[in-house]
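Below is the file data-v2.txt, which contains compact mmCIF, C-alpha atoms (C1' of nucleotides).
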# COMPACT_ATOMS: atom_id res chain seq x y z
CA MET A 1 0.00 0.00 0.00
CA THR A 2 1.13 3.50 -0.77
CA LYS A 3 -1.08 5.11 1.78
CA ARG A 4 1.60 6.72 3.91
CA SER A 5 3.49 8.28 1.05
CA ALA A 6 0.27 9.29 -0.68
CA LEU A 7 -0.78 11.24 2.41
CA GLY A 8 2.53 12.99 2.68
CA LEU A 9 2.55 13.75 -0.99
CA THR A 10 -0.80 15.50 -0.87
CA ASP A 11 0.27 17.66 2.02
CA ALA A 12 3.51 18.54 0.30
CA LEU A 13 1.72 19.43 -2.93
CA VAL A 14 -0.81 21.60 -1.15
CA GLN A 15 1.82 23.35 0.90
CA MET A 16 3.92 23.88 -2.20
CA SER A 17 0.94 25.31 -4.04
CA PHE A 18 0.22 27.80 -1.30
CA ALA A 19 3.85 28.84 -1.36
CA VAL A 20 3.69 29.37 -5.11
CA MET A 21 0.40 31.24 -4.87
CA THR A 22 1.90 33.49 -2.22
CA VAL A 23 4.73 34.29 -4.58
CA LEU A 24 2.36 34.97 -7.45
CA ASN A 25 0.21 37.10 -5.23
CA ARG A 26 3.15 39.17 -4.10
CA VAL A 27 4.53 39.63 -7.59
CA ALA A 28 1.08 40.65 -8.82
CA ALA A 29 0.59 43.05 -5.94
CA ASP A 30 3.98 44.60 -6.65
CA HIS A 31 2.50 45.71 -9.96
CA ASP A 32 -0.96 46.51 -8.64
CA LEU A 33 -2.47 43.42 -10.16
CA SER A 34 -4.41 40.49 -8.78
CA THR A 35 -3.16 36.99 -9.32
CA THR A 36 -5.91 36.45 -11.84
CA GLN A 37 -4.97 39.54 -13.79
CA LEU A 38 -1.33 38.51 -13.85
CA ARG A 39 -2.44 35.10 -15.03
CA VAL A 40 -4.43 36.73 -17.81
CA LEU A 41 -1.36 38.61 -18.95
CA GLY A 42 0.57 35.35 -18.97
CA ILE A 43 -2.05 33.68 -21.09
CA LEU A 44 -2.27 36.51 -23.58
CA VAL A 45 1.46 36.56 -24.24
CA ASP A 46 1.12 34.09 -27.08
CA ARG A 47 -2.62 34.14 -27.81
CA GLN A 48 -5.54 36.42 -28.61
CA PRO A 49 -8.39 34.29 -27.33
CA LYS A 50 -12.05 35.19 -27.36
CA MET A 51 -13.66 36.10 -24.07
CA THR A 52 -15.25 32.69 -23.75
CA GLU A 53 -12.01 30.89 -24.46
CA LEU A 54 -10.33 32.96 -21.81
CA ALA A 55 -13.10 32.08 -19.37
CA GLU A 56 -12.65 28.39 -20.08
CA HIS A 57 -8.92 28.65 -19.75
CA LEU A 58 -9.24 30.30 -16.36
CA GLY A 59 -12.15 28.16 -15.22
CA LEU A 60 -14.25 31.26 -14.60
CA ASP A 61 -17.70 32.35 -15.63
CA LYS A 62 -17.76 34.51 -18.73
CA SER A 63 -19.38 37.31 -16.78
CA SER A 64 -16.33 37.40 -14.53
CA ILE A 65 -14.16 37.97 -17.57
CA SER A 66 -16.00 41.10 -18.65
CA GLY A 67 -15.09 42.99 -15.51
CA LEU A 68 -11.57 41.60 -15.46
CA ILE A 69 -10.93 42.77 -19.00
CA ASP A 70 -12.74 46.05 -18.36
CA ARG A 71 -10.27 46.89 -15.63
CA ALA A 72 -7.24 45.68 -17.55
CA GLN A 73 -8.39 47.66 -20.56
CA ALA A 74 -8.95 50.78 -18.46
CA ARG A 75 -5.31 50.43 -17.41
CA GLY A 76 -4.20 50.12 -20.99
CA LEU A 77 -2.93 46.57 -20.62
CA VAL A 78 -5.26 44.83 -23.07
CA GLU A 79 -7.46 45.62 -26.05
CA ARG A 80 -10.76 44.24 -27.17
CA ILE A 81 -10.69 43.43 -30.86
CA ALA A 82 -13.88 42.64 -32.73
CA SER A 83 -13.71 39.31 -34.50
CA PRO A 84 -13.77 39.65 -38.28
CA ASP A 85 -15.54 36.29 -38.58
CA ASP A 86 -18.22 36.61 -35.94
CA GLY A 87 -19.94 39.83 -34.97
CA ARG A 88 -20.61 38.50 -31.49
CA SER A 89 -17.05 37.55 -30.66
CA VAL A 90 -14.36 39.71 -29.14
CA HIS A 91 -10.71 38.82 -29.11
CA VAL A 92 -8.54 39.98 -26.25
CA SER A 93 -5.03 41.10 -27.02
CA LEU A 94 -2.15 42.56 -25.04
CA THR A 95 -1.18 46.14 -25.73
CA ARG A 96 2.48 47.03 -25.92
CA GLU A 97 2.28 48.07 -22.28
CA GLY A 98 0.58 44.82 -21.39
CA HIS A 99 3.33 42.88 -23.08
CA THR A 100 5.94 44.77 -21.14
CA LEU A 101 4.20 44.10 -17.84
CA ALA A 102 3.72 40.45 -18.71
CA ARG A 103 7.40 40.12 -19.44
CA ILE A 104 8.42 41.86 -16.23
CA GLY A 105 5.97 39.82 -14.21
CA GLY A 106 7.17 36.61 -15.78
CA GLN A 107 10.73 37.42 -14.88
CA ALA A 108 9.78 38.30 -11.31
CA ILE A 109 7.90 35.03 -10.96
CA ARG A 110 10.77 33.00 -12.34
CA GLN A 111 13.14 34.72 -10.00
CA SER A 112 10.96 34.23 -6.92
CA VAL A 113 10.17 30.65 -7.76
CA ALA A 114 13.85 30.06 -8.38
CA THR A 115 14.40 31.13 -4.79
CA LEU A 116 11.81 28.61 -3.69
CA VAL A 117 13.61 25.77 -5.46
CA GLY A 118 17.02 27.05 -4.44
CA GLN A 119 17.34 24.17 -1.98
CA LEU A 120 17.67 21.72 -4.82
CA ASP A 121 20.73 21.04 -6.91
CA VAL A 122 20.59 21.01 -10.67
CA ALA A 123 19.95 17.30 -11.01
CA GLU A 124 17.13 17.41 -8.51
CA ARG A 125 15.51 20.34 -10.26
CA ASP A 126 15.57 18.43 -13.46
CA GLN A 127 14.02 15.47 -11.72
CA LEU A 128 11.31 17.66 -10.24
CA ARG A 129 10.60 19.30 -13.55
CA GLU A 130 10.16 15.96 -15.23
CA LEU A 131 7.87 14.64 -12.53
CA LEU A 132 5.71 17.77 -12.66
CA ALA A 133 5.64 17.70 -16.44
CA ARG A 134 4.28 14.18 -16.20
CA LEU A 135 1.45 15.39 -13.95
CA THR A 136 0.17 18.15 -16.13
CA ALA A 137 0.41 16.00 -19.26
CA MET B 1 19.13 21.78 -22.34
CA THR B 2 19.87 23.78 -19.20
CA LYS B 3 17.85 26.75 -20.36
CA ARG B 4 14.90 24.65 -21.28
CA SER B 5 14.74 22.90 -17.93
CA ALA B 6 15.17 26.12 -15.93
CA LEU B 7 12.25 27.77 -17.70
CA GLY B 8 10.20 24.62 -17.62
CA LEU B 9 10.49 24.11 -13.89
CA THR B 10 8.88 27.40 -12.98
CA ASP B 11 6.12 26.90 -15.48
CA ALA B 12 5.52 23.38 -14.27
CA LEU B 13 5.37 24.50 -10.64
CA VAL B 14 2.99 27.31 -11.40
CA GLN B 15 0.77 25.12 -13.54
CA MET B 16 0.75 22.45 -10.87
CA SER B 17 -0.16 25.00 -8.24
CA PHE B 18 -3.10 26.23 -10.24
CA ALA B 19 -4.24 22.66 -10.68
CA VAL B 20 -4.04 22.08 -6.94
CA MET B 21 -5.82 25.35 -6.19
CA THR B 22 -8.56 24.38 -8.61
CA VAL B 23 -9.00 21.14 -6.72
CA LEU B 24 -9.07 22.93 -3.38
CA ASN B 25 -11.52 25.44 -4.74
CA ARG B 26 -13.83 22.74 -6.01
CA VAL B 27 -13.70 20.73 -2.81
CA ALA B 28 -14.40 23.87 -0.80
CA ALA B 29 -17.26 24.88 -3.07
CA ASP B 30 -18.74 21.40 -2.72
CA HIS B 31 -19.20 22.23 0.94
CA ASP B 32 -20.15 25.88 0.44
CA LEU B 33 -16.80 27.10 1.62
CA SER B 34 -14.12 29.28 0.13
CA THR B 35 -10.59 27.99 -0.20
CA THR B 36 -9.56 30.25 2.65
CA GLN B 37 -12.30 28.92 4.90
CA LEU B 38 -11.34 25.35 4.10
CA ARG B 39 -7.77 26.25 4.86
CA VAL B 40 -8.83 27.69 8.19
CA LEU B 41 -10.56 24.44 9.06
CA GLY B 42 -7.40 22.56 8.15
CA ILE B 43 -5.31 24.77 10.39
CA LEU B 44 -7.67 24.49 13.32
CA VAL B 45 -7.68 20.71 13.28
CA ASP B 46 -4.77 20.53 15.67
CA ARG B 47 -4.57 24.07 17.07
CA GLN B 48 -6.61 26.78 18.80
CA PRO B 49 -4.67 29.84 17.70
CA LYS B 50 -5.48 33.41 18.58
CA MET B 51 -6.89 35.60 15.84
CA THR B 52 -3.56 37.26 15.23
CA GLU B 53 -1.73 33.96 15.02
CA LEU B 54 -4.28 32.78 12.51
CA ALA B 55 -3.77 35.96 10.50
CA GLU B 56 -0.01 35.41 10.45
CA HIS B 57 -0.43 31.80 9.48
CA LEU B 58 -2.64 32.74 6.55
CA GLY B 59 -0.67 35.81 5.62
CA LEU B 60 -3.77 37.99 5.95
CA ASP B 61 -4.55 41.17 7.79
CA LYS B 62 -6.16 40.64 11.18
CA SER B 63 -9.20 42.59 10.08
CA SER B 64 -9.74 40.00 7.34
CA ILE B 65 -9.86 37.29 9.97
CA SER B 66 -12.70 38.87 11.91
CA GLY B 67 -15.15 38.56 9.04
CA LEU B 68 -13.87 35.13 8.10
CA ILE B 69 -14.42 33.82 11.61
CA ASP B 70 -17.71 35.69 11.88
CA ARG B 71 -19.09 33.76 8.95
CA ALA B 72 -17.63 30.44 10.03
CA GLN B 73 -19.03 30.98 13.50
CA ALA B 74 -22.44 31.90 12.13
CA ARG B 75 -22.38 28.53 10.39
CA GLY B 76 -21.48 26.77 13.58
CA LEU B 77 -18.07 25.62 12.38
CA VAL B 78 -15.88 27.47 14.85
CA GLU B 79 -16.08 29.07 18.27
CA ARG B 80 -14.44 32.13 19.73
CA ILE B 81 -13.01 31.38 23.15
CA ALA B 82 -11.84 34.18 25.39
CA SER B 83 -8.26 33.71 26.49
CA PRO B 84 -7.96 33.05 30.22
CA ASP B 85 -4.55 34.75 30.26
CA ASP B 86 -5.24 37.87 28.28
CA GLY B 87 -8.49 39.76 28.22
CA ARG B 88 -7.81 41.06 24.72
CA SER B 89 -7.10 37.73 23.08
CA VAL B 90 -9.55 35.35 21.50
CA HIS B 91 -8.78 31.77 20.63
CA VAL B 92 -10.47 30.15 17.68
CA SER B 93 -11.52 26.55 17.98
CA LEU B 94 -13.37 24.07 15.79
CA THR B 95 -16.80 22.95 16.91
CA ARG B 96 -17.72 19.31 16.56
CA GLU B 97 -19.37 20.17 13.27
CA GLY B 98 -16.30 22.03 12.16
CA HIS B 99 -14.15 19.02 12.95
CA THR B 100 -16.41 16.80 10.91
CA LEU B 101 -16.29 19.13 7.94
CA ALA B 102 -12.52 19.47 8.21
CA ARG B 103 -12.17 15.70 8.18
CA ILE B 104 -14.47 15.28 5.20
CA GLY B 105 -12.75 18.08 3.34
CA GLY B 106 -9.33 16.63 4.03
CA GLN B 107 -10.39 13.29 2.65
CA ALA B 108 -11.88 14.90 -0.46
CA ILE B 109 -8.68 16.84 -1.05
CA ARG B 110 -6.51 13.79 -0.64
CA GLN B 111 -8.68 11.86 -3.03
CA SER B 112 -8.71 14.59 -5.67
CA VAL B 113 -5.02 15.26 -5.42
CA ALA B 114 -4.39 11.54 -5.61
CA THR B 115 -6.13 11.67 -8.99
CA LEU B 116 -3.78 14.45 -10.01
CA VAL B 117 -0.72 12.36 -9.25
CA GLY B 118 -2.26 9.21 -10.66
CA GLN B 119 0.07 9.38 -13.66
CA LEU B 120 3.04 8.55 -11.47
CA ASP B 121 4.05 5.13 -10.22
CA VAL B 122 4.83 4.51 -6.58
CA ALA B 123 8.55 5.15 -6.84
CA GLU B 124 7.99 8.41 -8.66
CA ARG B 125 5.50 9.61 -6.10
CA ASP B 126 7.97 8.93 -3.39
CA GLN B 127 10.58 10.84 -5.31
CA LEU B 128 8.24 13.77 -5.81
CA ARG B 129 7.23 13.79 -2.18
CA GLU B 130 10.85 13.94 -1.09
CA LEU B 131 11.71 16.73 -3.48
CA LEU B 132 8.72 18.79 -2.37
CA ALA B 133 9.50 18.14 1.27
CA ARG B 134 12.95 19.53 0.64
CA LEU B 135 11.46 22.73 -0.74
CA THR B 136 9.17 23.56 2.13
CA ALA B 137 11.83 22.75 4.69
C1' DC C 1 -1.81 54.87 38.04
C1' DA C 2 -0.97 57.20 33.64
C1' DG C 3 0.95 56.45 29.05
C1' DG C 4 2.13 53.64 25.45
C1' DG C 5 1.57 49.31 23.28
C1' DT C 6 -1.32 45.12 21.78
C1' DA C 7 -5.70 42.28 20.37
C1' DG C 8 -9.53 42.46 18.02
C1' DT C 9 -13.55 44.81 15.85
C1' DT C 10 -15.74 48.12 12.89
C1' DG C 11 -16.50 50.87 8.80
C1' DG C 12 -15.40 52.00 4.28
C1' DT C 13 -13.59 50.67 -0.27
C1' DA C 14 -12.28 47.89 -4.27
C1' DA C 15 -11.88 43.64 -6.52
C1' DT C 16 -13.44 38.93 -7.49
C1' DA C 17 -16.74 35.73 -8.83
C1' DC C 18 -21.24 34.03 -9.22
C1' DC C 19 -26.09 33.79 -11.37
C1' DA C 20 -29.85 35.38 -14.10
C1' DA C 21 -31.48 38.32 -17.47
C1' DC C 22 -30.59 40.83 -21.43
C1' DT C 23 -28.84 42.40 -26.33
C1' DA C 24 -26.88 41.46 -30.53
C1' DC C 25 -25.65 38.37 -33.65
C1' DC C 26 -25.38 33.94 -36.10
C1' DT C 27 -27.23 29.59 -38.31
C1' DC C 28 -30.26 26.36 -40.00
C1' DA C 29 -34.45 24.58 -41.62
C1' DA C 30 -39.00 25.18 -43.45
C1' DT D 1 -35.69 34.26 -46.93
C1' DT D 2 -37.16 34.53 -42.76
C1' DG D 3 -37.93 33.35 -38.23
C1' DA D 4 -36.73 30.15 -34.31
C1' DG D 5 -33.36 28.83 -31.54
C1' DG D 6 -28.62 28.97 -30.13
C1' DT D 7 -24.20 31.53 -28.92
C1' DA D 8 -21.04 35.67 -27.35
C1' DG D 9 -20.72 39.03 -24.42
C1' DT D 10 -22.52 42.58 -21.18
C1' DT D 11 -25.17 44.20 -17.32
C1' DG D 12 -27.13 44.23 -12.74
C1' DG D 13 -27.45 42.32 -8.33
C1' DT D 14 -25.34 39.75 -4.49
C1' DA D 15 -21.87 37.67 -1.41
C1' DT D 16 -17.23 37.14 -0.20
C1' DT D 17 -12.55 38.45 0.27
C1' DA D 18 -9.07 41.47 1.59
C1' DC D 19 -7.23 45.84 2.55
C1' DC D 20 -6.49 50.19 5.50
C1' DA D 21 -7.53 53.41 9.10
C1' DA D 22 -9.81 54.35 13.16
C1' DC D 23 -11.64 52.72 17.24
C1' DT D 24 -12.39 50.03 21.92
C1' DA D 25 -10.80 47.31 25.46
C1' DC D 26 -7.25 45.57 27.71
C1' DC D 27 -2.30 44.85 29.30
C1' DC D 28 2.12 46.26 31.17
C1' DT D 29 5.78 49.30 32.71
C1' DG D 30 7.95 53.37 34.84
Will you turn the file into structure tokens for me?
Amino acid sequence: MTKRSALGLTDALVQMSFAVMTVLNRVAADHDLSTTQLRVLGILVDRQPKMTELAEHLGLDKSSISGLIDRAQARGLVERIASPDDGRSVHVSLTREGHTLARIGGQAIRQSVATLVGQLDVAERDQLRELLARLTA
Amino acid sequence: MTKRSALGLTDALVQMSFAVMTVLNRVAADHDLSTTQLRVLGILVDRQPKMTELAEHLGLDKSSISGLIDRAQARGLVERIASPDDGRSVHVSLTREGHTLARIGGQAIRQSVATLVGQLDVAERDQLRELLARLTA
DNA sequence: CAGGGTAGTTGGTAATACCAACTACCTCAA
DNA sequence: TTGAGGTAGTTGGTATTACCAACTACCCTG
């Protein structure tokens, strides 16, 4: 039975996740963003999804996206672009400023998370990366 | 090689954390709780901290705790207990119902997270658990 | 025993996220 | 081709979360 290690693994994963979320939260707050907004920026770096696609990606209701994008747009971070194919659809796209902030935020996250994993040597990090990659696959 | 793994580790950790938070969120919602409330229950399982200690533990402002505990108390999940030592302090304690919900929630989390790590075999889980344990240490 | 510090609450604000209802648009079938 | 039904997004209303600043009640020290 794997019961003992399974229990410990869950706790470790949850604890780890809170640590990561704390980092994300802090990085976001440093730039006057919420974690969700920072996440949106990260998503938009290489995509211009429709509102609904963004909602699915984030696991949020589409009505939550409207306000989120409203605020980001008011700050000049994103643009709404009418779909040429479908008069109902709106694509969301980073502005130049949004791209800059996404890049800065990404760097800050990488740096902070790097601190988190600083305990591990290179081989262990590689091991961890591979194990995690297997999970999300 | 090195560059790819360095970038990939952060991304994998962040993605994993969102996956875990989604699980926690869903489990909490299943019992009409927020993630924070579920977390509070988890903390209180083996402690009766003061409000301020709880705030520190959660990384929240003490004023945020008041409302949180207000709502949990209104639902009969926790009790405020005046400190015998200090007339200003209040200890927070799970009620019997709160304990039950904490236990049920913990099981649900373990089960859902177990699904997340289902891709890994026993040896890999053990490896992952050890690596994560190293991080939080 | 007065003055300064600490614990917790209150009030006010903004953001997040939900649901339900709505508008505008699209598509398909009669 | 037109109208019925579905889809995309917004709006309005509500609850929660979390913050800060101001407040009350209490503790401790000089």
Between atom CA of B:Ser112 and atom CA of B:Asp30, what is the distance in Å, rounded to a tenth?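 Pair atom CA of B:Ser112 / atom CA of B:Asp30 returns 12.5 Å.
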Which residue, C:DA15, C:DC28, C:DA7, C:DC22, has the smallest gap to chain B when you use all atoms listed in the file?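 So, comparing all the options, the nearest one is C:DA7.
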Could you tell me which of B:Gly106, B:Gly76, B:Gly98, B:Gly67 comes closest to chain C if we count all atoms listed in the file? B:Gly67
Which neighbours of B:Arg26 fall inside 10 Å, counting only C-alpha atoms (C1' of nucleotides), when residues of the same chain fewer than 4 positions from it are skipped, and could you give them as a ChimeraX atom specification? /B:20-22,30-35,108-109,112
Looking at D:DA15, D:DT29, D:DT24, D:DT2, which one is nearest to C:DT16, with distances taken over all atoms listed in the file? D:DA15
Rank nothing, just name the residue among A:Ala123, A:Val90, A:Ala28, A:Leu77 nearest to chain D, using only C-alpha atoms (C1' of nucleotides). A:Val90
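Among the candidates B:Gly105, B:Pro49, B:Gly59, B:Gly87, the residue lying nearest to chain D is B:Gly87 (atoms considered: all atoms listed in the file).
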Chain C residues near chain B within 10 Å, closest pair each, using only C-alpha atoms (C1' of nucleotides), as a Markdown table:
| residue | atom | partner | partner_atom | distance |
| --- | --- | --- | --- | --- |
| C:DT6 | C1' | B:Arg88 | CA | 8.2 |
| C:DA7 | C1' | B:Arg88 | CA | 5.0 |
| C:DG8 | C1' | B:Arg88 | CA | 7.1 |
| C:DT9 | C1' | B:Ser66 | CA | 7.2 |
| C:DT10 | C1' | B:Ser63 | CA | 9.0 |
Tell me which protein, DNA and RNA residues are within 12 Å of D:DA4, counting all atoms listed in the file, leaving out same-chain ones fewer than 3 positions away, and put them as an mmCIF file with C-alpha atoms (C1' of nucleotides), in the frame of the given file.
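Wrote it out as out-v2.cif, contents follow:
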data_model
loop_
_atom_site.group_PDB
_atom_site.id
_atom_site.type_symbol
_atom_site.label_atom_id
_atom_site.label_comp_id
_atom_site.auth_asym_id
_atom_site.auth_seq_id
_atom_site.Cartn_x
_atom_site.Cartn_y
_atom_site.Cartn_z
ATOM 1 C "C1'" DT C 27 -27.230 29.590 -38.310
ATOM 2 C "C1'" DC C 28 -30.260 26.360 -40.000
ATOM 3 C "C1'" DA C 29 -34.450 24.580 -41.620
ATOM 4 C "C1'" DA C 30 -39.000 25.180 -43.450
#
Enumerate as a ChimeraX atom specification the residues belonging to chain D that approach chain A to within 8 Å, with all atoms listed in the file taken into account. /D:8-10
Sorted by chain and rising residue number, list the residues of chain A at most 10 Å from chain B (counting all atoms listed in the file), each with its closest atom pair and distance in Å to one decimal, as CSV.
residue,atom,partner,partner_atom,distance
A:Met1,CA,B:Val122,CA,9.3
A:Thr2,CA,B:Val122,CA,7.0
A:Arg4,CA,B:Asp126,CA,9.9
A:Ser5,CA,B:Asp126,CA,6.3
A:Ala6,CA,B:Ala114,CA,7.1
A:Leu7,CA,B:Arg110,CA,7.0
A:Gly8,CA,B:Arg129,CA,6.8
A:Leu9,CA,B:Arg129,CA,4.8
A:Thr10,CA,B:Arg110,CA,6.0
A:Asp11,CA,B:Arg110,CA,8.2
A:Ala12,CA,B:Leu132,CA,5.9
A:Leu13,CA,B:Leu132,CA,7.1
A:Val14,CA,B:Val20,CA,6.6
A:Gln15,CA,B:Thr136,CA,7.5
A:Met16,CA,B:Thr136,CA,6.8
A:Ser17,CA,B:Ser17,CA,4.4
A:Phe18,CA,B:Ser17,CA,7.5
A:Ala19,CA,B:Thr136,CA,8.3
A:Val20,CA,B:Ser17,CA,6.6
A:Met21,CA,B:Ser17,CA,7.1
A:Thr22,CA,B:Gly59,CA,8.6
A:Val23,CA,B:Val14,CA,9.9
A:Leu24,CA,B:Val14,CA,8.6
A:Leu58,CA,B:Phe18,CA,9.6
A:Gly59,CA,B:Thr22,CA,8.4
A:Gly106,CA,B:Asp11,CA,9.8
A:Ile109,CA,B:Thr10,CA,8.0
A:Arg110,CA,B:Thr10,CA,5.9
A:Gln111,CA,B:Thr10,CA,9.0
A:Ser112,CA,B:Thr10,CA,9.4
A:Val113,CA,B:Thr10,CA,6.3
A:Ala114,CA,B:Thr10,CA,7.3
A:Thr115,CA,B:Leu135,CA,9.8
A:Leu116,CA,B:Leu135,CA,6.6
A:Val117,CA,B:Leu135,CA,6.0
A:Gly118,CA,B:Leu135,CA,8.0
A:Gln119,CA,B:Leu135,CA,6.2
A:Leu120,CA,B:Leu135,CA,7.5
A:Val122,CA,B:Thr2,CA,9.0
A:Glu124,CA,B:Leu131,CA,7.4
A:Arg125,CA,B:Leu9,CA,7.3
A:Asp126,CA,B:Ser5,CA,6.4
A:Gln127,CA,B:Leu128,CA,8.4
A:Leu128,CA,B:Leu128,CA,6.6
A:Arg129,CA,B:Leu9,CA,4.8
A:Glu130,CA,B:Leu9,CA,8.3
A:Leu131,CA,B:Leu128,CA,6.8
A:Leu132,CA,B:Ala12,CA,5.8
A:Ala133,CA,B:Ala12,CA,6.1
A:Arg134,CA,B:Gln119,CA,6.9
A:Leu135,CA,B:Val117,CA,6.0
A:Thr136,CA,B:Met16,CA,6.8
A:Ala137,CA,B:Gln119,CA,8.7
Interatomic distance between atom CA of B:Val40 and atom CA of B:Arg103? 12.4 Å
Write out as an MDAnalysis selection string the residues lying within 7 Å of A:Arg80, counting only C-alpha atoms (C1' of nucleotides) and excluding same-chain residues fewer than 5 positions away. chainID A and resid 90:93
Restricted to C-alpha atoms, what would the selected residues look like written as a short mmCIF file (atom, residue, chain, number, x, y, z; two decimals), in the coordinates of the input?
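That gives us again28.cif:
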data_model
loop_
_atom_site.label_atom_id
_atom_site.label_comp_id
_atom_site.auth_asym_id
_atom_site.auth_seq_id
_atom_site.Cartn_x
_atom_site.Cartn_y
_atom_site.Cartn_z
CA VAL A 90 -14.36 39.71 -29.14
CA HIS A 91 -10.71 38.82 -29.11
CA VAL A 92 -8.54 39.98 -26.25
CA SER A 93 -5.03 41.10 -27.02
#
Under the rule that all atoms listed in the file are counted, which of A:Thr100, A:Arg47, A:Arg71, A:Thr95 is the nearest residue to C:DA14?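 For C:DA14, the nearest of the candidates is A:Arg71.
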Quick one: residues within 10 Å of C:DA21, all atoms listed in the file counted, chain neighbours fewer than 2 positions away excluded, as a list in words?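 Residues meeting the cut-off are DC19 of chain C; DT11 and DG12 of chain D.
The interatomic distance for the pair atom CA of A:Leu60 and atom CA of B:Ile104 works out to 25.4 Å.
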For B:Ser64, find every residue with an atom within 9 Å (counting all atoms listed in the file), except residues of its own chain fewer than 4 positions away, and show them as a PyMOL selection string. (chain B and resi 55+60+68-69) or (chain D and resi 17-19)
Export C-alpha atoms (C1' of nucleotides) of the chosen residues as an mmCIF file, in the coordinates of the input?
data_model
loop_
_atom_site.group_PDB
_atom_site.id
_atom_site.type_symbol
_atom_site.label_atom_id
_atom_site.label_comp_id
_atom_site.auth_asym_id
_atom_site.auth_seq_id
_atom_site.Cartn_x
_atom_site.Cartn_y
_atom_site.Cartn_z
ATOM 1 C CA ALA B 55 -3.770 35.960 10.500
ATOM 2 C CA LEU B 60 -3.770 37.990 5.950
ATOM 3 C CA LEU B 68 -13.870 35.130 8.100
ATOM 4 C CA ILE B 69 -14.420 33.820 11.610
ATOM 5 C "C1'" DT D 17 -12.550 38.450 0.270
ATOM 6 C "C1'" DA D 18 -9.070 41.470 1.590
ATOM 7 C "C1'" DC D 19 -7.230 45.840 2.550
#
Here's a test: counting only C-alpha atoms (C1' of nucleotides), identify every protein, DNA and RNA residue with an atom at most 8 Å from (-12.4, 24.9, 8.2) in the file's coordinate frame, and state them as a list in words. Gln37, Leu38, Arg39, Val40, Leu41, Gly42, Ile43, Leu44, Ala72, Leu77, Val78, Leu94, Gly98, His99, Leu101 and Ala102 of chain B
